[in-house]
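Engineer: Handing over data30.csv, CSV, C-alpha atoms.
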chain,number,residue,atom,x,y,z
A,1,MET,CA,65.2,87.9,85.2
A,2,ALA,CA,68.8,87.0,85.1
A,3,ASP,CA,69.9,85.7,81.7
A,4,ARG,CA,70.7,82.0,81.9
A,5,SER,CA,73.2,82.3,79.1
A,6,LYS,CA,75.4,84.3,81.4
A,7,LEU,CA,76.3,81.2,83.4
A,8,GLY,CA,80.1,81.0,83.2
A,9,MET,CA,80.5,84.6,82.1
A,10,GLU,CA,83.7,86.3,83.3
A,11,PHE,CA,83.4,90.0,84.1
A,12,PRO,CA,86.0,92.5,83.0
A,13,VAL,CA,88.9,92.6,85.5
A,14,TYR,CA,89.3,95.7,87.7
A,15,SER,CA,92.0,96.9,90.1
A,16,ILE,CA,91.6,99.2,93.1
A,17,ARG,CA,94.0,100.6,95.6
A,18,VAL,CA,93.1,100.0,99.3
A,19,GLU,CA,92.9,103.5,100.8
A,20,LYS,CA,93.6,104.2,104.5
A,21,ASN,CA,90.8,106.7,104.7
A,22,LYS,CA,88.3,104.4,103.1
A,23,ILE,CA,89.1,101.7,105.7
A,24,ALA,CA,88.5,104.2,108.5
A,25,GLU,CA,85.2,105.3,106.8
A,26,PHE,CA,84.1,101.7,106.5
A,27,VAL,CA,84.9,100.9,110.1
A,28,ALA,CA,83.2,104.1,111.3
A,29,ALA,CA,80.0,103.0,109.5
A,30,LEU,CA,80.1,99.5,111.1
A,31,GLU,CA,81.0,100.8,114.6
A,32,GLN,CA,78.2,103.5,114.1
A,33,LYS,CA,80.6,106.3,114.9
A,34,ASP,CA,80.2,109.9,113.7
A,35,ASP,CA,83.9,110.5,113.3
A,36,THR,CA,86.8,108.3,112.2
A,37,GLU,CA,88.7,109.6,115.3
A,38,GLN,CA,86.4,107.5,117.4
A,39,ILE,CA,87.0,104.1,115.8
A,40,HIS,CA,89.3,101.3,117.0
A,41,PRO,CA,92.9,102.6,116.7
A,42,LEU,CA,94.0,99.5,114.6
A,43,TYR,CA,91.9,100.9,111.7
A,44,ARG,CA,93.1,104.5,111.8
A,45,ASP,CA,96.6,104.5,113.3
A,46,VAL,CA,99.6,103.0,111.4
A,47,ASP,CA,101.6,102.7,114.6
A,48,ALA,CA,98.8,100.8,116.4
A,49,ALA,CA,98.5,98.5,113.3
A,50,LYS,CA,102.3,97.8,113.2
A,51,LYS,CA,102.3,97.2,117.0
A,52,ALA,CA,99.6,94.6,116.4
A,53,GLY,CA,101.8,92.9,113.8
A,54,TYR,CA,100.4,94.2,110.5
A,55,GLU,CA,102.4,95.8,107.8
A,56,ASN,CA,99.9,98.7,107.6
A,57,ILE,CA,96.4,99.4,108.6
A,58,PRO,CA,94.4,96.2,108.0
A,59,THR,CA,91.0,95.8,106.3
A,60,PRO,CA,88.0,94.5,108.3
A,61,PRO,CA,86.5,91.1,107.3
A,62,THR,CA,83.7,92.4,105.0
A,63,PHE,CA,85.7,95.2,103.4
A,64,PRO,CA,86.2,93.2,100.2
A,65,THR,CA,82.6,94.1,99.3
A,66,SER,CA,83.8,97.5,98.5
A,67,TYR,CA,86.3,96.2,95.9
A,68,VAL,CA,83.3,95.1,93.8
A,69,PHE,CA,81.0,98.0,94.5
A,70,TRP,CA,83.6,100.7,93.8
A,71,THR,CA,84.7,99.2,90.4
A,72,GLY,CA,83.1,98.1,87.2
A,73,GLY,CA,79.9,100.2,87.6
A,74,GLY,CA,79.3,98.9,91.1
A,75,LEU,CA,76.1,97.1,91.9
A,76,LEU,CA,74.1,98.5,89.0
A,77,GLY,CA,76.9,97.5,86.5
A,78,THR,CA,76.9,94.0,87.9
A,79,ILE,CA,73.2,93.6,87.9
A,80,LYS,CA,72.9,94.9,84.3
A,81,ALA,CA,75.7,92.6,83.1
A,82,VAL,CA,73.8,89.5,84.3
A,83,GLY,CA,70.4,90.8,83.1
A,84,ALA,CA,68.9,90.9,86.6
A,85,ASP,CA,66.1,93.3,87.8
A,86,LEU,CA,67.2,95.5,90.7
A,87,SER,CA,63.6,95.9,92.0
A,88,LYS,CA,63.3,92.1,92.5
A,89,LEU,CA,66.7,91.5,94.0
A,90,LEU,CA,67.5,89.9,97.4
A,91,HIS,CA,71.0,89.2,98.6
A,92,THR,CA,70.7,85.8,100.2
A,93,LYS,CA,74.2,84.6,101.1
A,94,GLU,CA,77.7,85.9,101.3
A,95,GLU,CA,80.9,83.9,102.0
A,96,TYR,CA,84.5,84.9,102.3
A,97,GLU,CA,87.6,82.7,102.4
A,98,TYR,CA,90.7,84.5,103.6
A,99,PHE,CA,94.2,83.4,102.5
A,100,ALA,CA,96.4,86.4,103.5
A,101,PRO,CA,95.9,89.8,105.1
A,102,VAL,CA,95.0,92.9,103.0
A,103,CYS,CA,96.3,96.3,104.3
A,104,ALA,CA,96.2,99.9,103.2
A,105,GLY,CA,98.4,100.5,100.2
A,106,ASP,CA,97.7,97.1,98.6
A,107,VAL,CA,96.3,97.0,95.1
A,108,ILE,CA,93.6,94.4,94.7
A,109,THR,CA,92.5,93.0,91.4
A,110,ARG,CA,89.1,91.4,91.4
A,111,LYS,CA,88.2,88.7,89.0
A,112,MET,CA,84.5,87.9,89.1
A,113,LYS,CA,82.5,85.2,87.3
A,114,VAL,CA,79.0,83.7,87.3
A,115,VAL,CA,79.5,80.3,88.7
A,116,ASP,CA,75.9,79.1,89.1
A,117,MET,CA,72.4,80.0,88.0
A,118,TYR,CA,69.4,77.9,88.9
A,119,GLU,CA,65.7,78.2,89.6
A,120,ARG,CA,63.8,77.5,92.8
A,121,GLY,CA,60.1,76.8,92.8
A,122,LYS,CA,57.8,76.6,89.8
A,123,LYS,CA,57.3,79.3,87.3
A,124,GLU,CA,53.6,78.9,87.4
A,125,GLN,CA,53.6,79.8,91.2
A,126,LYS,CA,54.9,83.3,90.8
A,127,SER,CA,55.0,84.1,94.5
A,128,ARG,CA,57.3,81.1,95.2
A,129,TYR,CA,59.4,81.3,92.1
A,130,MET,CA,63.0,82.5,92.5
A,131,GLN,CA,65.9,82.7,90.2
A,132,VAL,CA,69.3,82.3,91.9
A,133,THR,CA,72.6,83.6,90.7
A,134,VAL,CA,76.0,82.9,92.3
A,135,LEU,CA,79.0,85.1,91.7
A,136,GLU,CA,82.6,84.1,92.7
A,137,THR,CA,85.2,86.8,93.0
A,138,ASP,CA,88.9,86.1,93.4
A,139,MET,CA,90.8,89.0,94.9
A,140,ILE,CA,94.5,89.1,94.0
A,141,ASN,CA,97.1,91.5,95.5
A,142,GLN,CA,99.9,93.3,93.8
A,143,ARG,CA,102.2,90.4,94.3
A,144,GLY,CA,99.9,88.1,92.4
A,145,GLU,CA,98.7,86.2,95.6
A,146,LEU,CA,95.1,85.1,95.9
A,147,VAL,CA,94.2,86.8,99.2
A,148,ILE,CA,90.4,86.5,99.3
A,149,ARG,CA,87.7,84.5,97.5
A,150,ALA,CA,84.2,85.8,97.8
A,151,ARG,CA,81.0,84.0,96.9
A,152,THR,CA,77.8,86.1,96.6
A,153,THR,CA,74.3,84.6,96.1
A,154,PHE,CA,71.4,86.6,95.2
A,155,MET,CA,67.8,85.8,94.2
A,156,GLU,CA,65.2,87.5,92.1
A,157,ARG,CA,61.6,87.2,93.0
A,158,GLY,CA,59.3,86.1,90.2
B,1,MET,CA,94.6,88.2,126.6
B,2,ALA,CA,95.0,86.7,123.2
B,3,LEU,CA,92.9,83.7,122.5
B,4,VAL,CA,94.8,80.5,122.1
B,5,PHE,CA,93.6,77.2,120.7
B,6,ASP,CA,94.3,75.1,123.8
B,7,LYS,CA,92.2,77.4,126.0
B,8,VAL,CA,89.1,77.3,123.8
B,9,GLN,CA,86.5,74.6,124.4
B,10,ILE,CA,83.6,73.4,122.2
B,11,GLY,CA,80.5,75.1,123.6
B,12,ASP,CA,82.4,78.3,124.6
B,13,ALA,CA,80.4,81.5,123.9
B,14,MET,CA,81.7,84.4,122.0
B,15,PRO,CA,81.3,87.7,123.9
B,16,PRO,CA,77.9,89.0,122.8
B,17,TYR,CA,77.7,92.3,120.9
B,18,THR,CA,74.8,94.8,120.7
B,19,SER,CA,74.6,97.6,118.1
B,20,ALA,CA,73.1,101.0,118.5
B,21,PRO,CA,69.7,101.3,116.9
B,22,ILE,CA,70.3,101.7,113.2
B,23,THR,CA,69.2,105.0,111.8
B,24,ARG,CA,68.8,106.0,108.2
B,25,THR,CA,71.9,108.1,108.6
B,26,HIS,CA,73.8,104.9,109.5
B,27,LEU,CA,72.6,103.3,106.3
B,28,VAL,CA,73.7,106.3,104.2
B,29,ARG,CA,77.1,106.3,105.9
B,30,TYR,CA,77.5,102.6,105.2
B,31,ALA,CA,76.4,103.1,101.5
B,32,GLY,CA,79.1,105.7,101.1
B,33,ALA,CA,81.7,103.6,102.7
B,34,SER,CA,81.0,100.4,100.9
B,35,GLY,CA,79.8,101.8,97.6
B,36,ASP,CA,76.4,99.9,97.9
B,37,PHE,CA,74.1,102.5,96.3
B,38,ASN,CA,71.1,100.2,95.9
B,39,PRO,CA,68.3,102.8,96.4
B,40,LEU,CA,66.4,100.3,98.5
B,41,HIS,CA,68.7,101.3,101.4
B,42,HIS,CA,68.3,105.1,101.3
B,43,ASP,CA,65.5,106.2,98.9
B,44,GLU,CA,62.1,105.7,100.5
B,45,THR,CA,60.2,106.3,97.3
B,46,PHE,CA,62.1,103.4,95.6
B,47,ALA,CA,61.4,101.1,98.6
B,48,VAL,CA,57.7,101.9,98.5
B,49,ALA,CA,57.6,101.4,94.7
B,50,VAL,CA,59.0,97.9,95.0
B,51,GLY,CA,56.4,97.0,97.7
B,52,LEU,CA,58.2,97.7,101.0
B,53,GLU,CA,57.0,99.9,103.8
B,54,THR,CA,60.3,101.8,104.1
B,55,VAL,CA,64.0,101.5,103.4
B,56,ILE,CA,65.9,98.5,104.7
B,57,ALA,CA,69.5,98.0,105.9
B,58,GLN,CA,72.1,96.5,103.6
B,59,GLY,CA,72.5,92.8,104.4
B,60,MET,CA,76.2,93.5,104.2
B,61,PHE,CA,75.9,96.2,106.9
B,62,ILE,CA,74.5,93.6,109.2
B,63,MET,CA,77.2,91.1,108.2
B,64,GLY,CA,79.7,93.8,108.8
B,65,ILE,CA,78.4,94.4,112.3
B,66,ALA,CA,78.7,90.7,113.0
B,67,GLY,CA,82.3,90.9,111.7
B,68,GLN,CA,83.0,93.6,114.2
B,69,ALA,CA,81.7,91.3,116.9
B,70,VAL,CA,83.9,88.5,115.7
B,71,THR,CA,87.0,90.6,115.5
B,72,SER,CA,86.6,92.1,118.9
B,73,TRP,CA,87.0,88.5,120.1
B,74,ILE,CA,89.6,87.1,117.7
B,75,ASP,CA,92.3,88.9,115.7
B,76,HIS,CA,90.9,89.1,112.2
B,77,ARG,CA,94.2,87.9,110.6
B,78,TRP,CA,93.2,84.5,112.1
B,79,LEU,CA,90.0,84.4,110.1
B,80,ARG,CA,89.9,81.7,107.4
B,81,LYS,CA,86.3,81.7,106.5
B,82,PHE,CA,83.2,83.9,107.2
B,83,SER,CA,79.9,82.8,105.8
B,84,VAL,CA,76.3,84.0,106.3
B,85,HIS,CA,72.8,83.5,105.1
B,86,PHE,CA,70.5,86.5,105.2
B,87,LEU,CA,67.2,85.6,106.8
B,88,SER,CA,65.1,88.7,107.2
B,89,MET,CA,65.1,92.4,106.4
B,90,THR,CA,66.0,95.1,108.9
B,91,GLN,CA,64.1,98.4,109.1
B,92,PRO,CA,65.9,101.4,110.6
B,93,VAL,CA,64.5,103.2,113.7
B,94,ASP,CA,62.0,105.9,113.0
B,95,LEU,CA,63.2,109.0,114.9
B,96,ASN,CA,59.7,110.3,115.2
B,97,ASP,CA,58.6,107.0,116.9
B,98,TYR,CA,61.8,106.0,118.6
B,99,GLN,CA,60.5,103.9,121.5
B,100,ASN,CA,58.3,101.7,119.3
B,101,THR,CA,60.9,101.1,116.6
B,102,LYS,CA,64.3,101.0,118.3
B,103,ASP,CA,64.2,97.3,119.0
B,104,ARG,CA,63.6,96.3,115.4
B,105,ALA,CA,66.8,98.3,114.5
B,106,THR,CA,69.0,97.0,117.3
B,107,ILE,CA,71.3,94.2,116.3
B,108,THR,CA,72.6,91.5,118.7
B,109,VAL,CA,75.3,89.1,117.7
B,110,SER,CA,76.0,85.9,119.6
B,111,GLY,CA,78.2,82.9,118.8
B,112,LYS,CA,79.3,79.5,120.0
B,113,VAL,CA,82.3,77.3,119.3
B,114,VAL,CA,81.0,74.1,117.7
B,115,ASP,CA,84.2,72.4,116.5
B,116,LYS,CA,88.0,72.3,117.1
B,117,TYR,CA,90.2,70.5,114.6
B,118,GLU,CA,93.5,70.5,112.8
B,119,GLU,CA,93.7,71.1,109.0
B,120,ASN,CA,96.6,72.0,106.7
B,121,GLY,CA,98.9,72.3,109.8
B,122,GLU,CA,96.6,74.9,111.4
B,123,LYS,CA,94.6,74.6,114.6
B,124,LYS,CA,91.1,75.8,113.8
B,125,ILE,CA,87.9,76.5,115.5
B,126,ARG,CA,84.5,76.8,113.9
B,127,CYS,CA,82.0,79.1,115.6
B,128,GLU,CA,78.3,79.4,114.7
B,129,LEU,CA,76.8,82.9,114.7
B,130,THR,CA,73.3,84.0,115.4
B,131,VAL,CA,72.3,87.6,114.6
B,132,ARG,CA,68.9,88.9,115.8
B,133,ASP,CA,67.2,92.2,116.4
B,134,ALA,CA,66.1,93.1,119.9
B,135,GLN,CA,62.7,91.7,119.2
B,136,GLY,CA,64.2,88.3,118.7
B,137,SER,CA,63.7,88.1,115.0
B,138,ARG,CA,66.6,86.3,113.2
B,139,LYS,CA,68.5,88.5,110.8
B,140,LEU,CA,71.3,86.1,109.7
B,141,LYS,CA,72.9,82.9,110.6
B,142,GLY,CA,76.3,81.8,109.7
B,143,TYR,CA,79.7,80.7,111.0
B,144,PHE,CA,83.3,81.6,110.9
B,145,VAL,CA,86.5,79.5,110.9
B,146,ALA,CA,89.6,80.8,112.6
B,147,ALA,CA,93.1,79.4,112.9
B,148,LEU,CA,94.4,80.1,116.4
B,149,PRO,CA,97.9,80.1,117.8
As a first step, turn the structure in this file into structure tokens.

Structural biologist:
Amino acid sequence: MADRSKLGMEFPVYSIRVEKNKIAEFVAALEQKDDTEQIHPLYRDVDAAKKAGYENIPTPPTFPTSYVFWTGGGLLGTIKAVGADLSKLLHTKEEYEYFAPVCAGDVITRKMKVVDMYERGKKEQKSRYMQVTVLETDMINQRGELVIRARTTFMERG
Amino acid sequence: MALVFDKVQIGDAMPPYTSAPITRTHLVRYAGASGDFNPLHHDETFAVAVGLETVIAQGMFIMGIAGQAVTSWIDHRWLRKFSVHFLSMTQPVDLNDYQNTKDRATITVSGKVVDKYEENGEKKIRCELTVRDAQGSRKLKGYFVAALP
């Protein structure tokens, strides 16, 4: 079970460069393509991205998930840090607020903290007891601008 | 044609989107792309050990598919907020029993404009999203807010 004393905890800060090929790989996964040549040109062709008004190849809406998973020990590092049990984990909610575009070549610094921890149900009723943890992550670009704020809610079954 | 605020009406539907049936290979591809290596999504022995019948899709993969549906309708630089609740698990198609399992692994995304308003000098729409499998089971519900020209 997540350790309630971790409420308010700030994780170490990590930075990651947004790679063009990683964007193409991510979009190929979402579009269920076998080859990045088959994806929407916006996500693989700088000229197409510039023509559409972006500085460089843009990142799709849920791409920020990779800034967390590819830094700081990824999912397992995060789970361990809050004392949660992977085998009981359910991701229940995800929310993004977008303040400015993120493109290939940007460097994103992610600042994550535990903003809420609470229980649902009664401990005595094991099948209905859940412990909820909410993480908030500010994503800041190389110019110091807050570009995305993510809120992730997960539960552990009792 | 680019979408403009004045042409969008409350009640307008987002163009529907249907995925291909999700295979275990799709899950592995998404794991590698996103960095989500929770074994629940690729290692059958782990899934069984924690009480599931088989591996399940990453919730963020389903949200990502919904995101592709959204951005094939509106330019994603206009997105201001995207929020979902995960409602049920998605099992991939079994390739040795394709006909009987393809519908549980096929994701459909639909959406409807529920509000239009001005905020912080921007003209915004709020659109509710419903994501189901081809059997009708709800996978996630949520909404997005976009600022339109």

Engineer: I need the chain A residues near chain B as a ChimeraX atom specification; criterion: at most 6 Å, counting only C-alpha atoms.

Structural biologist: /A:25-26,29-30,62,66,69-70,87,92-98

Engineer: Nearest residue to Asp115 (chain B) out of B:Asp43, B:Ile56, B:Ala147, B:Gly136, using all atoms listed in the file?

Structural biologist: B:Ala147

Engineer: Could you please determine the separation between CA of Thr101 (chain B) and CA of Arg157 (chain A) in Å, to one decimal place?

Structural biologist: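 If I compute the distance from CA of Thr101 (chain B) to CA of Arg157 (chain A), I get 27.4 Å.
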
Engineer: Taking (98.4, 102.0, 101.0) in the file's coordinates, which residues come within 10 Å, counting only C-alpha atoms, written as a ChimeraX atom specification?

Structural biologist: /A:17-21,56-58,102-107

Engineer: Interatomic distance between CA of Tyr118 (chain A) and CA of Val132 (chain A)?

Structural biologist: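 A separation of 5.3 Å between them.
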
Engineer: Report the distance between CA of Arg110 (chain A) and CA of Lys6 (chain A) in Å, rounded to one decimal place.

Structural biologist: 18.4 Å

Engineer: Looking at only C-alpha atoms, which of A:Pro64, A:Ser127, A:Val82, A:Asp116 is the one that sits closest to Ala150 (chain A)?

Structural biologist: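 With only C-alpha atoms as the atom set, the closest residue is A:Pro64.
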
Engineer: Using only the atoms of region 24-27 of chain B listed in the file, plus 5 Å on each side, state the axis-aligned box centre and edge lengths in Å rounded to one decimal, as JSON.

Structural biologist:
{"center_x": 71.3, "center_y": 105.7, "center_z": 107.9, "size_x": 15.0, "size_y": 14.8, "size_z": 13.2}

Engineer: What lies within 7 Å of region 109-112 of chain B using only C-alpha atoms, ignoring chain neighbours under 3 positions off, as a PyMOL selection string?

Structural biologist: chain B and resi 11-14+16-18+66+69+127-132

Engineer: Starting from the point (93.8, 89.0, 96.5), work out which residues of protein, DNA or RNA have an atom no more than 9 Å away when counting all atoms listed in the file; state them as a ChimeraX atom specification.

Structural biologist: /A:98-102,107-110,138-149

Engineer: Just want the 8 Å neighbourhood of Ala2 (chain A), counted on only C-alpha atoms, with same-chain residues fewer than 5 positions away dropped. Output as a PyMOL selection string.

Structural biologist: chain A and resi 82-85+131+133+156

Engineer: So, with only C-alpha atoms as the atoms that count, which of A:Val13, A:Leu89, A:Val46, A:Ile23 lies closest to Leu75 (chain A)?

Structural biologist: A:Leu89
